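Dumped input.cif below, it's mmCIF, C-alpha atoms:
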data_start
loop_
_atom_site.group_PDB
_atom_site.id
_atom_site.type_symbol
_atom_site.label_atom_id
_atom_site.label_comp_id
_atom_site.auth_asym_id
_atom_site.auth_seq_id
_atom_site.Cartn_x
_atom_site.Cartn_y
_atom_site.Cartn_z
ATOM 1 C CA MET Z 1 44.425 -100.096 -44.315
ATOM 2 C CA LYS Z 2 42.043 -97.954 -46.384
ATOM 3 C CA LYS Z 3 39.151 -98.860 -44.060
ATOM 4 C CA THR Z 4 41.167 -97.786 -41.025
ATOM 5 C CA THR Z 5 42.066 -94.535 -42.634
ATOM 6 C CA LYS Z 6 38.447 -93.795 -43.566
ATOM 7 C CA LYS Z 7 37.286 -94.530 -40.004
ATOM 8 C CA THR Z 8 40.041 -92.372 -38.562
ATOM 9 C CA LEU Z 9 39.150 -89.515 -40.884
ATOM 10 C CA ALA Z 10 35.470 -89.872 -39.978
ATOM 11 C CA VAL Z 11 36.247 -89.682 -36.267
ATOM 12 C CA LEU Z 12 38.550 -86.671 -36.737
ATOM 13 C CA SER Z 13 35.916 -84.966 -38.860
ATOM 14 C CA SER Z 14 33.253 -85.510 -36.172
ATOM 15 C CA LEU Z 15 35.554 -84.132 -33.471
ATOM 16 C CA ALA Z 16 36.324 -81.106 -35.606
ATOM 17 C CA LEU Z 17 32.626 -80.401 -36.084
ATOM 18 C CA LEU Z 18 31.955 -80.762 -32.363
ATOM 19 C CA PHE Z 19 34.873 -78.481 -31.514
ATOM 20 C CA ALA Z 20 33.723 -75.848 -34.008
ATOM 21 C CA ALA Z 21 30.190 -75.985 -32.647
ATOM 22 C CA GLY Z 22 31.499 -75.519 -29.117
ATOM 23 C CA MET Z 23 33.543 -72.508 -30.180
ATOM 24 C CA PHE Z 24 30.515 -70.974 -31.890
ATOM 25 C CA VAL Z 25 28.358 -71.336 -28.788
ATOM 26 C CA SER Z 26 31.088 -69.914 -26.594
ATOM 27 C CA CYS Z 27 31.661 -66.886 -28.840
ATOM 28 C CA SER Z 28 27.945 -66.316 -29.208
ATOM 29 C CA ASP Z 29 27.409 -66.314 -25.417
ATOM 30 C CA SER Z 30 30.278 -63.939 -24.958
ATOM 31 C CA ASP Z 31 28.955 -61.519 -27.575
ATOM 32 C CA ASP Z 32 25.502 -61.592 -25.972
ATOM 33 C CA ASP Z 33 27.022 -60.731 -22.574
ATOM 34 C CA ASP Z 34 28.904 -57.763 -24.006
ATOM 35 C CA SER Z 35 25.984 -56.331 -25.936
ATOM 36 C CA SER Z 36 23.267 -56.684 -23.323
ATOM 37 C CA SER Z 37 25.116 -56.400 -20.024
ATOM 38 C CA THR Z 38 24.444 -53.386 -17.736
ATOM 39 C CA THR Z 39 26.640 -51.957 -15.001
ATOM 40 C CA THR Z 40 24.877 -51.056 -11.794
ATOM 41 C CA THR Z 41 26.045 -47.652 -10.527
ATOM 42 C CA THR Z 42 25.475 -45.750 -7.333
ATOM 43 C CA PRO Z 43 25.038 -41.958 -7.176
ATOM 44 C CA SER Z 44 28.695 -41.654 -6.166
ATOM 45 C CA ASP Z 45 29.693 -43.524 -9.362
ATOM 46 C CA ASN Z 46 27.680 -41.157 -11.532
ATOM 47 C CA PRO Z 47 27.784 -37.538 -10.319
ATOM 48 C CA SER Z 48 25.087 -36.516 -12.830
ATOM 49 C CA ASN Z 49 22.569 -38.513 -10.812
ATOM 50 C CA VAL Z 50 23.437 -36.853 -7.506
ATOM 51 C CA ASP Z 51 20.707 -34.742 -5.981
ATOM 52 C CA ASN Z 52 22.801 -31.762 -4.960
ATOM 53 C CA GLU Z 53 21.343 -30.444 -1.751
ATOM 54 C CA THR Z 54 21.242 -26.670 -1.431
ATOM 55 C CA ALA Z 55 24.120 -25.416 0.705
ATOM 56 C CA LYS Z 56 23.020 -24.321 4.145
ATOM 57 C CA ALA Z 57 24.242 -21.217 5.888
ATOM 58 C CA THR Z 58 26.820 -21.487 8.644
ATOM 59 C CA ALA Z 59 25.409 -20.599 12.046
ATOM 60 C CA LYS Z 60 26.919 -17.417 13.448
ATOM 61 C CA THR Z 61 26.090 -14.520 15.752
ATOM 62 C CA TYR Z 62 27.402 -10.996 15.217
ATOM 63 C CA SER Z 63 27.283 -8.838 18.344
ATOM 64 C CA PHE Z 64 27.380 -5.047 18.205
ATOM 65 C CA ALA Z 65 28.188 -4.777 21.879
ATOM 66 C CA GLY Z 66 31.443 -5.508 23.655
ATOM 67 C CA GLY Z 67 32.189 -9.129 24.476
ATOM 68 C CA THR Z 68 31.909 -12.421 22.608
ATOM 69 C CA ASN Z 69 31.797 -11.934 18.807
ATOM 70 C CA GLY Z 70 31.461 -8.221 19.481
ATOM 71 C CA VAL Z 71 33.209 -4.933 18.823
ATOM 72 C CA VAL Z 72 36.825 -4.458 19.984
ATOM 73 C CA LEU Z 73 39.103 -1.459 20.409
ATOM 74 C CA ALA Z 74 40.887 -1.957 17.072
ATOM 75 C CA ASP Z 75 37.520 -1.759 15.263
ATOM 76 C CA LEU Z 76 36.962 1.849 16.391
ATOM 77 C CA ASP Z 77 40.423 3.334 16.120
ATOM 78 C CA GLY Z 78 40.048 7.009 15.183
ATOM 79 C CA TRP Z 79 36.324 7.223 15.920
ATOM 80 C CA ASP Z 80 34.878 10.399 17.418
ATOM 81 C CA MET Z 81 34.532 10.864 21.202
ATOM 82 C CA ALA Z 82 33.207 14.457 21.245
ATOM 83 C CA THR Z 83 29.721 13.447 22.402
ATOM 84 C CA LYS Z 84 29.048 11.792 25.731
ATOM 85 C CA ASP Z 85 27.860 8.199 25.853
ATOM 86 C CA VAL Z 86 28.436 7.466 22.155
ATOM 87 C CA ILE Z 87 31.464 6.568 20.026
ATOM 88 C CA GLY Z 88 30.812 8.198 16.653
ATOM 89 C CA SER Z 89 31.871 7.174 13.154
ATOM 90 C CA PRO Z 90 34.267 9.660 11.520
ATOM 91 C CA ILE Z 91 33.094 12.179 8.906
ATOM 92 C CA ALA Z 92 32.797 10.498 5.515
ATOM 93 C CA SER Z 93 32.083 12.713 2.518
ATOM 94 C CA THR Z 94 31.890 9.586 0.333
ATOM 95 C CA ALA Z 95 30.530 6.128 1.061
ATOM 96 C CA THR Z 96 32.804 4.464 3.599
ATOM 97 C CA THR Z 97 33.009 0.905 4.926
ATOM 98 C CA LYS Z 98 34.515 -0.630 8.030
ATOM 99 C CA THR Z 99 34.797 -4.392 8.502
ATOM 100 C CA LEU Z 100 34.609 -5.294 12.168
ATOM 101 C CA SER Z 101 36.723 -8.060 13.647
ATOM 102 C CA ASN Z 102 33.635 -10.311 13.734
ATOM 103 C CA GLY Z 103 33.118 -9.915 9.967
ATOM 104 C CA ALA Z 104 30.147 -7.535 9.970
ATOM 105 C CA ILE Z 105 30.583 -4.576 7.596
ATOM 106 C CA LEU Z 106 29.500 -1.062 8.543
ATOM 107 C CA HIS Z 107 28.565 1.396 5.773
ATOM 108 C CA TRP Z 108 28.099 5.120 6.276
ATOM 109 C CA LYS Z 109 28.329 8.518 4.616
ATOM 110 C CA GLY Z 110 27.799 11.883 6.267
ATOM 111 C CA SER Z 111 29.103 15.424 6.582
ATOM 112 C CA LYS Z 112 29.136 15.151 10.363
ATOM 113 C CA ALA Z 113 30.743 12.680 12.743
ATOM 114 C CA GLY Z 114 28.468 10.073 14.266
ATOM 115 C CA THR Z 115 26.338 8.868 11.357
ATOM 116 C CA LEU Z 116 26.755 5.471 13.040
ATOM 117 C CA ARG Z 117 27.494 5.338 16.765
ATOM 118 C CA PHE Z 118 28.274 2.741 19.404
ATOM 119 C CA ARG Z 119 26.598 3.372 22.718
ATOM 120 C CA SER Z 120 28.964 3.333 25.696
ATOM 121 C CA THR Z 121 28.668 5.435 28.847
ATOM 122 C CA HIS Z 122 31.396 8.105 29.211
ATOM 123 C CA THR Z 123 31.915 11.865 29.391
ATOM 124 C CA ALA Z 124 32.312 14.017 26.288
ATOM 125 C CA GLY Z 125 35.874 13.980 24.990
ATOM 126 C CA ALA Z 126 36.876 10.927 27.010
ATOM 127 C CA GLU Z 127 39.792 8.811 25.826
ATOM 128 C CA LEU Z 128 38.773 5.820 23.771
ATOM 129 C CA THR Z 129 39.890 2.784 25.737
ATOM 130 C CA GLU Z 130 39.489 -0.951 25.619
ATOM 131 C CA GLU Z 131 37.278 -0.739 28.695
ATOM 132 C CA LEU Z 132 34.894 1.754 27.057
ATOM 133 C CA VAL Z 133 34.589 -0.371 23.942
ATOM 134 C CA ALA Z 134 34.058 -3.526 25.992
ATOM 135 C CA ALA Z 135 31.178 -1.720 27.725
ATOM 136 C CA ALA Z 136 29.428 -0.879 24.422
ATOM 137 C CA THR Z 137 25.818 -2.031 24.300
ATOM 138 C CA ALA Z 138 24.678 -1.480 20.693
ATOM 139 C CA LEU Z 139 25.290 0.114 17.313
ATOM 140 C CA ASN Z 140 23.059 3.157 16.826
ATOM 141 C CA TYR Z 141 21.701 4.365 13.493
ATOM 142 C CA ASN Z 142 21.606 8.103 14.184
ATOM 143 C CA GLY Z 143 18.903 8.927 11.676
ATOM 144 C CA GLY Z 144 18.441 7.254 8.336
ATOM 145 C CA ALA Z 145 16.452 7.131 5.117
ATOM 146 C CA GLY Z 146 12.987 8.638 4.810
ATOM 147 C CA VAL Z 147 11.409 6.114 2.449
ATOM 148 C CA ASP Z 148 8.564 3.731 3.248
ATOM 149 C CA LEU Z 149 10.259 0.324 3.256
ATOM 150 C CA THR Z 150 6.964 -1.560 2.912
ATOM 151 C CA GLU Z 151 6.786 -0.270 -0.675
ATOM 152 C CA GLY Z 152 10.176 -1.794 -1.435
ATOM 153 C CA VAL Z 153 13.253 0.002 -2.675
ATOM 154 C CA THR Z 154 14.206 0.279 -6.334
ATOM 155 C CA ILE Z 155 17.946 0.143 -6.952
ATOM 156 C CA SER Z 156 18.832 0.634 -10.601
ATOM 157 C CA GLU Z 157 21.896 -0.755 -12.360
ATOM 158 C CA ASP Z 158 23.500 2.672 -12.116
ATOM 159 C CA SER Z 159 22.882 3.187 -8.425
ATOM 160 C CA THR Z 160 24.000 1.576 -5.193
ATOM 161 C CA PHE Z 161 22.721 1.110 -1.686
ATOM 162 C CA GLU Z 162 24.483 4.349 -0.732
ATOM 163 C CA ASP Z 163 22.113 6.226 -3.065
ATOM 164 C CA ALA Z 164 19.082 5.018 -1.122
ATOM 165 C CA PHE Z 165 20.646 4.570 2.328
ATOM 166 C CA ASP Z 166 23.583 6.382 3.857
ATOM 167 C CA ARG Z 167 24.037 4.016 6.796
ATOM 168 C CA PHE Z 168 23.505 0.261 7.085
ATOM 169 C CA VAL Z 169 25.079 -3.035 8.170
ATOM 170 C CA GLU Z 170 26.085 -5.830 5.803
ATOM 171 C CA ILE Z 171 26.838 -9.466 6.601
ATOM 172 C CA ALA Z 172 27.840 -12.291 4.271
ATOM 173 C CA VAL Z 173 25.698 -15.452 4.423
ATOM 174 C CA ASP Z 174 27.215 -18.581 2.854
ATOM 175 C CA GLY Z 175 24.030 -20.533 2.149
ATOM 176 C CA ALA Z 176 20.301 -20.892 2.762
ATOM 177 C CA GLY Z 177 18.998 -19.928 6.159
ATOM 178 C CA THR Z 178 17.412 -17.206 8.261
ATOM 179 C CA VAL Z 179 18.784 -13.969 9.678
ATOM 180 C CA THR Z 180 17.425 -12.315 12.799
ATOM 181 C CA ALA Z 181 18.430 -8.960 14.232
ATOM 182 C CA LYS Z 182 17.649 -7.855 17.774
ATOM 183 C CA VAL Z 183 17.012 -4.119 17.686
ATOM 184 C CA ASP Z 184 15.637 -1.282 19.810
ATOM 185 C CA PHE Z 185 13.542 1.449 18.203
ATOM 186 C CA LYS Z 186 14.260 4.912 19.598
ATOM 187 C CA GLY Z 187 11.297 7.264 19.189
ATOM 188 C CA ALA Z 188 10.708 10.924 19.955
ATOM 189 C CA LYS Z 189 9.108 12.465 23.030
ATOM 190 C CA GLU Z 190 5.409 13.304 22.852
ATOM 191 C CA SER Z 191 6.340 16.875 23.779
ATOM 192 C CA ASP Z 192 8.309 17.152 20.517
ATOM 193 C CA GLY Z 193 5.010 16.963 18.611
ATOM 194 C CA PRO Z 194 6.386 14.393 16.147
ATOM 195 C CA THR Z 195 4.686 13.499 12.884
ATOM 196 C CA GLY Z 196 5.268 10.867 10.187
ATOM 197 C CA GLY Z 197 6.580 7.408 10.670
ATOM 198 C CA PRO Z 198 6.280 4.695 11.779
ATOM 199 C CA LEU Z 199 9.967 3.848 12.224
ATOM 200 C CA GLN Z 200 11.019 0.831 10.142
ATOM 201 C CA ALA Z 201 13.768 -1.780 9.753
ATOM 202 C CA VAL Z 202 14.153 -4.706 7.349
ATOM 203 C CA PHE Z 203 16.662 -7.084 5.766
ATOM 204 C CA MET Z 204 17.346 -6.672 2.022
ATOM 205 C CA ASP Z 205 19.498 -8.278 -0.633
ATOM 206 C CA LYS Z 206 21.881 -6.391 -2.946
ATOM 207 C CA ASP Z 207 19.060 -5.658 -5.402
ATOM 208 C CA GLY Z 208 16.842 -4.026 -2.796
ATOM 209 C CA LYS Z 209 14.511 -7.014 -2.510
ATOM 210 C CA LEU Z 210 12.955 -7.368 0.930
ATOM 211 C CA LEU Z 211 13.949 -10.652 2.560
ATOM 212 C CA GLY Z 212 11.276 -10.551 5.226
ATOM 213 C CA SER Z 213 8.551 -8.463 6.789
ATOM 214 C CA VAL Z 214 9.261 -4.863 7.735
ATOM 215 C CA ALA Z 215 9.504 -4.426 11.504
ATOM 216 C CA SER Z 216 8.025 -1.120 12.597
ATOM 217 C CA ASP Z 217 7.164 0.903 15.674
ATOM 218 C CA ASN Z 218 5.273 4.029 16.578
ATOM 219 C CA ILE Z 219 7.184 7.268 16.218
ATOM 220 C CA THR Z 220 7.042 7.909 19.978
ATOM 221 C CA ALA Z 221 7.887 4.336 20.987
ATOM 222 C CA SER Z 222 11.169 3.209 22.510
ATOM 223 C CA SER Z 223 10.761 -0.543 22.196
ATOM 224 C CA THR Z 224 13.428 -3.078 23.097
ATOM 225 C CA ASP Z 225 14.400 -6.507 21.723
ATOM 226 C CA VAL Z 226 12.334 -6.183 18.566
ATOM 227 C CA SER Z 227 13.090 -8.990 16.078
ATOM 228 C CA VAL Z 228 13.793 -8.212 12.430
ATOM 229 C CA THR Z 229 13.836 -11.436 10.416
ATOM 230 C CA GLY Z 230 14.673 -12.452 6.861
ATOM 231 C CA THR Z 231 14.991 -15.610 4.780
ATOM 232 C CA VAL Z 232 18.006 -16.236 2.552
ATOM 233 C CA SER Z 233 17.831 -18.862 -0.222
ATOM 234 C CA ALA Z 234 21.497 -18.875 -1.282
ATOM 235 C CA ALA Z 235 24.892 -17.441 -0.459
ATOM 236 C CA GLY Z 236 25.219 -13.667 -0.726
ATOM 237 C CA SER Z 237 25.289 -10.373 1.127
ATOM 238 C CA VAL Z 238 22.440 -9.347 3.414
ATOM 239 C CA TYR Z 239 21.770 -5.768 4.505
ATOM 240 C CA LEU Z 240 19.993 -4.464 7.608
ATOM 241 C CA VAL Z 241 18.512 -1.071 6.748
ATOM 242 C CA PHE Z 242 16.518 1.468 8.749
ATOM 243 C CA SER Z 243 14.147 4.261 7.784
ATOM 244 C CA ARG Z 244 12.625 7.091 9.752
ATOM 245 C CA ASN Z 245 9.861 6.929 7.143
ATOM 246 C CA GLY Z 246 9.241 10.682 7.247
ATOM 247 C CA ALA Z 247 9.248 10.990 11.042
ATOM 248 C CA GLN Z 248 10.110 14.480 12.252
ATOM 249 C CA LYS Z 249 9.651 16.831 15.175
ATOM 250 C CA SER Z 250 7.336 19.849 15.042
ATOM 251 C CA SER Z 251 10.474 21.917 14.477
ATOM 252 C CA GLY Z 252 10.960 20.135 11.149
ATOM 253 C CA SER Z 253 14.080 18.174 12.099
ATOM 254 C CA GLY Z 254 14.098 14.430 11.628
ATOM 255 C CA THR Z 255 13.645 12.161 14.606
ATOM 256 C CA GLY Z 256 13.901 8.513 15.573
ATOM 257 C CA GLY Z 257 16.703 5.997 15.535
ATOM 258 C CA LEU Z 258 17.581 2.336 15.777
ATOM 259 C CA ASP Z 259 19.929 0.422 18.077
ATOM 260 C CA VAL Z 260 21.244 -2.852 16.659
ATOM 261 C CA LYS Z 261 22.370 -5.304 19.331
ATOM 262 C CA SER Z 262 22.972 -8.509 17.371
ATOM 263 C CA ILE Z 263 22.400 -10.360 14.112
ATOM 264 C CA GLU Z 264 22.079 -14.141 14.201
ATOM 265 C CA VAL Z 265 22.376 -16.477 11.212
ATOM 266 C CA LYS Z 266 20.745 -19.923 11.340
ATOM 267 C CA PRO Z 267 21.055 -22.628 8.665
ATOM 268 C CA ALA Z 268 17.927 -23.706 6.815
ATOM 269 C CA GLU Z 269 16.202 -26.731 8.361
#
Translate the structure of the given file into structure tokens.
Amino acid sequence: MKKTTKKTLAVLSSLALLFAAGMFVSCSDSDDDDSSSTTTTTPSDNPSNVDNETAKATAKTYSFAGGTNGVVLADLDGWDMATKDVIGSPIASTATTKTLSNGAILHWKGSKAGTLRFRSTHTAGAELTEELVAAATALNYNGGAGVDLTEGVTISEDSTFEDAFDRFVEIAVDGAGTVTAKVDFKGAKESDGPTGGPLQAVFMDKDGKLLGSVASDNITASSTDVSVTGTVSAAGSVYLVFSRNGAQKSSGSGTGGLDVKSIEVKPAE
């Protein structure tokens, strides 16, 4: 009986040792898996690894004529009709803005009506009608700043665009891209004996930084479909400004203007 008991105990002891060894191996493997395992992630699993692509501008065209994406009657309610063939902005003793139905923003300031004007053929004093507005062909800068835009424009923290320019167009661009304006330069007659110039136009940002090359034309030129281009790196406001750059007639009065027909925004490639 004692022999049987000893054998039984020996067998049970061996089984216990084997079982314990198996548990040790199993726990050890499991611990190794937990401590050394890695989880494979994709960029969508880990936002910090995402290469955020710069937002691109939304394509859009702003027209300053009547028609698609253009000026409408409600935009010009109360504008001046005293001069033939132009619809003039009202007198504005302080800086004034008007957001057109297409989203473009007009800025002007002047002691006389017509600092900005829309060209549309009609007699002086005619009634402003939907038909006249629909027939508009361009926004005219009647005059403008006298600075040389190629030298850049300094706008201090205490000043605004209105301090340097009393008439300009603003558009909002929602990302990187290019802006292109189609403009006509309106020069003086040779018989006026003009001096100064050349006439200039350029796109700027809110700090007065030039966004592209300055487009220019001779003081006596009346050129059509001139392209003014700029490059925008991020969302923000863009301004189309014009300067007579010192151009004047022999009489001493300033001369030269700019007709803006459209501004097109294209997303960066």
Cut-off 6 Å: closest stretch 120-238 of chain Z/stretch 258-267 of chain Z atom pairs per residue, using all atoms listed in the file, as CSV:
residue,atom,partner,partner_atom,distance
Z:Ala138,CA,Z:Lys261,CA,4.7
Z:Leu139,CA,Z:Val260,CA,5.1
Z:Asn140,CA,Z:Asp259,CA,4.3
Z:Tyr141,CA,Z:Leu258,CA,5.1
Z:Gly177,CA,Z:Pro267,CA,4.2
Z:Thr178,CA,Z:Lys266,CA,5.3
Z:Val179,CA,Z:Val265,CA,4.6
Z:Thr180,CA,Z:Glu264,CA,5.2
Z:Ala181,CA,Z:Ile263,CA,4.2
Z:Lys182,CA,Z:Ser262,CA,5.4
Z:Val183,CA,Z:Val260,CA,4.5
Z:Asp184,CA,Z:Asp259,CA,4.9
Z:Phe185,CA,Z:Leu258,CA,4.8
Z:Lys186,CA,Z:Leu258,CA,5.7
Store the residues of this selection in a file with C-alpha atoms, as a CSV table (one decimal), keeping the file's coordinate frame.
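Okay, out.csv is ready:
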chain,number,residue,atom,x,y,z
Z,138,ALA,CA,24.7,-1.5,20.7
Z,139,LEU,CA,25.3,0.1,17.3
Z,140,ASN,CA,23.1,3.2,16.8
Z,141,TYR,CA,21.7,4.4,13.5
Z,177,GLY,CA,19.0,-19.9,6.2
Z,178,THR,CA,17.4,-17.2,8.3
Z,179,VAL,CA,18.8,-14.0,9.7
Z,180,THR,CA,17.4,-12.3,12.8
Z,181,ALA,CA,18.4,-9.0,14.2
Z,182,LYS,CA,17.6,-7.9,17.8
Z,183,VAL,CA,17.0,-4.1,17.7
Z,184,ASP,CA,15.6,-1.3,19.8
Z,185,PHE,CA,13.5,1.4,18.2
Z,186,LYS,CA,14.3,4.9,19.6
Subject >> Residue among Z:Ala172, Z:Val72, Z:Ile155, Z:Ala135 lying closest to Z:Gly103, counting all atoms listed in the file >> reply: Z:Ala172
Original post:
Can you list what the PyMOL selection byres ((chain Z and resi 58) around 8) grabs from this structure, as a PyMOL selection string?
Top reply: chain Z and resi 56-57+59-60+173-175+265-267
Keeping C-alpha atoms for every residue in the selection just given, could you write it to a file as a PDB file, keeping the file's coordinate frame?
ATOM      1  CA  LYS Z  56      23.020 -24.321   4.145  1.00  0.00           C
ATOM      2  CA  ALA Z  57      24.242 -21.217   5.888  1.00  0.00           C
ATOM      3  CA  ALA Z  59      25.409 -20.599  12.046  1.00  0.00           C
ATOM      4  CA  LYS Z  60      26.919 -17.417  13.448  1.00  0.00           C
ATOM      5  CA  VAL Z 173      25.698 -15.452   4.423  1.00  0.00           C
ATOM      6  CA  ASP Z 174      27.215 -18.581   2.854  1.00  0.00           C
ATOM      7  CA  GLY Z 175      24.030 -20.533   2.149  1.00  0.00           C
ATOM      8  CA  VAL Z 265      22.376 -16.477  11.212  1.00  0.00           C
ATOM      9  CA  LYS Z 266      20.745 -19.923  11.340  1.00  0.00           C
ATOM     10  CA  PRO Z 267      21.055 -22.628   8.665  1.00  0.00           C
TER      11      PRO Z 267
END
**OP:** Could you jot down the atom CA of Z:Gly252 to atom CA of Z:Asn218 separation for me, Å, one decimal place?
**Re:**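 Those two atoms sit 17.9 Å apart.
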**OP:** Dump as a ChimeraX atom specification all residues having an atom at most 10 Å from (32.6, -0.6, 7.1), computed in the file's coordinates with only C-alpha atoms.
**Re:** /Z:75,89,95-100,103-108,167-170
**OP:** Go ahead and compute the interatomic distance for atom CA of Z:Phe64 and atom CA of Z:Val202, in Å to one decimal.
**Re:**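 Interatomic distance here is 17.1 Å.
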Subject >> Atomic distance atom CA of Z:Gly193 - atom CA of Z:Asn142, expressed in Å with one decimal >> reply: 19.3 Å
Extract, using all atoms listed in the file, all DNA, RNA and protein residues at most 8 Å from stretch 79-85 of chain Z, discarding same-chain residues fewer than 2 positions from it, and format them as a JSON list (two decimals) with C-alpha atoms, in the coordinates of the input.
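The resulting file, result_9.json, is reproduced below:
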[["chain", "number", "residue", "atom", "x", "y", "z"],
["Z", 76, "LEU", "CA", 36.96, 1.85, 16.39],
["Z", 77, "ASP", "CA", 40.42, 3.33, 16.12],
["Z", 87, "ILE", "CA", 31.46, 6.57, 20.03],
["Z", 88, "GLY", "CA", 30.81, 8.20, 16.65],
["Z", 89, "SER", "CA", 31.87, 7.17, 13.15],
["Z", 90, "PRO", "CA", 34.27, 9.66, 11.52],
["Z", 113, "ALA", "CA", 30.74, 12.68, 12.74],
["Z", 114, "GLY", "CA", 28.47, 10.07, 14.27],
["Z", 119, "ARG", "CA", 26.60, 3.37, 22.72],
["Z", 120, "SER", "CA", 28.96, 3.33, 25.70],
["Z", 121, "THR", "CA", 28.67, 5.44, 28.85],
["Z", 122, "HIS", "CA", 31.40, 8.10, 29.21],
["Z", 123, "THR", "CA", 31.92, 11.86, 29.39],
["Z", 124, "ALA", "CA", 32.31, 14.02, 26.29],
["Z", 125, "GLY", "CA", 35.87, 13.98, 24.99],
["Z", 126, "ALA", "CA", 36.88, 10.93, 27.01],
["Z", 127, "GLU", "CA", 39.79, 8.81, 25.83],
["Z", 128, "LEU", "CA", 38.77, 5.82, 23.77]]
**OP:** Find the residue from Z:Gly187, Z:Lys209, Z:Pro198, Z:Ser233 that sits nearest to Z:Ala221; use only C-alpha atoms when measuring.
**Re:**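 Of all the options, Z:Gly187 lies closest to Z:Ala221.
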Original post:
Could you tell me, as a PyMOL selection string, which residues have any atom at most 7 Å from (31.2, 10.0, 4.6), counting only C-alpha atoms?
Top reply: chain Z and resi 91-96+108-111
Original post:
Using all atoms listed in the file, which of the listed residues (Z:Leu210, Z:Ala176, Z:Ala65, Z:Ala215) sits closest to Z:Ala234?
Top reply: Z:Ala176
**OP:** To verify the selection step, state as a PyMOL selection string which residues the PyMOL selection byres ((chain Z and resi 243-251) around 7) yields on this input.
**Re:** chain Z and resi 143-148+192-201+219+241-242+252-256
Original post:
From the list Z:Ser156, Z:Gly67, Z:Asp163, Z:Leu211, which residue is nearest Z:Val133 when using only C-alpha atoms?
Top reply: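 Ranked by minimum distance to Z:Val133, first place goes to Z:Gly67.
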Original post:
Of the candidates Z:Thr150, Z:Thr54, Z:Ser237, Z:Ser159, which one gets nearest to Z:Val214 if we count only C-alpha atoms?
Top reply: Z:Thr150
Subject >> Within 7 Å of Z:Gly208 using all atoms listed in the file, minus same-chain residues under 3 positions, as a list in words >> reply: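 Once the nearby chain positions are removed, what remains is Val153, Thr154, Ile155, Met204 and Asp205 of chain Z.
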Just stretch 79-92 of chain Z from the block, N, CA and C atoms, as a short mmCIF file (atom, residue, chain, number, x, y, z; two decimals), in the first residue's frame, could you?
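Just written: part-v4.cif:
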data_model
loop_
_atom_site.label_atom_id
_atom_site.label_comp_id
_atom_site.auth_asym_id
_atom_site.auth_seq_id
_atom_site.Cartn_x
_atom_site.Cartn_y
_atom_site.Cartn_z
N TRP Z 79 -27.56 105.29 -56.96
CA TRP Z 79 -26.37 105.82 -57.60
C TRP Z 79 -26.73 106.99 -58.53
N ASP Z 80 -25.73 107.78 -58.87
CA ASP Z 80 -25.94 109.04 -59.57
C ASP Z 80 -26.06 108.86 -61.09
N MET Z 81 -27.05 109.53 -61.68
CA MET Z 81 -27.28 109.42 -63.13
C MET Z 81 -27.12 110.76 -63.84
N ALA Z 82 -26.46 111.74 -63.19
CA ALA Z 82 -26.37 113.09 -63.73
C ALA Z 82 -25.50 113.18 -64.99
N THR Z 83 -24.58 112.24 -65.15
CA THR Z 83 -23.66 112.28 -66.28
C THR Z 83 -24.03 111.20 -67.29
N LYS Z 84 -23.98 111.55 -68.56
CA LYS Z 84 -24.36 110.58 -69.58
C LYS Z 84 -23.36 109.42 -69.62
N ASP Z 85 -23.87 108.28 -69.93
CA ASP Z 85 -23.08 107.07 -70.21
C ASP Z 85 -22.36 106.46 -69.01
N VAL Z 86 -22.54 107.03 -67.81
CA VAL Z 86 -21.96 106.41 -66.62
C VAL Z 86 -22.96 106.46 -65.46
N ILE Z 87 -22.90 105.44 -64.62
CA ILE Z 87 -23.71 105.37 -63.40
C ILE Z 87 -22.73 105.59 -62.25
N GLY Z 88 -22.82 106.74 -61.58
CA GLY Z 88 -21.79 107.14 -60.63
C GLY Z 88 -22.08 106.77 -59.19
N SER Z 89 -21.03 106.41 -58.46
CA SER Z 89 -21.17 106.15 -57.02
C SER Z 89 -21.58 107.44 -56.32
N PRO Z 90 -22.38 107.33 -55.26
CA PRO Z 90 -22.80 108.52 -54.51
C PRO Z 90 -21.63 109.20 -53.82
N ILE Z 91 -21.82 110.47 -53.43
CA ILE Z 91 -20.81 111.18 -52.65
C ILE Z 91 -20.57 110.43 -51.34
N ALA Z 92 -19.31 110.32 -50.96
CA ALA Z 92 -18.96 109.63 -49.72
C ALA Z 92 -17.84 110.39 -49.03
#
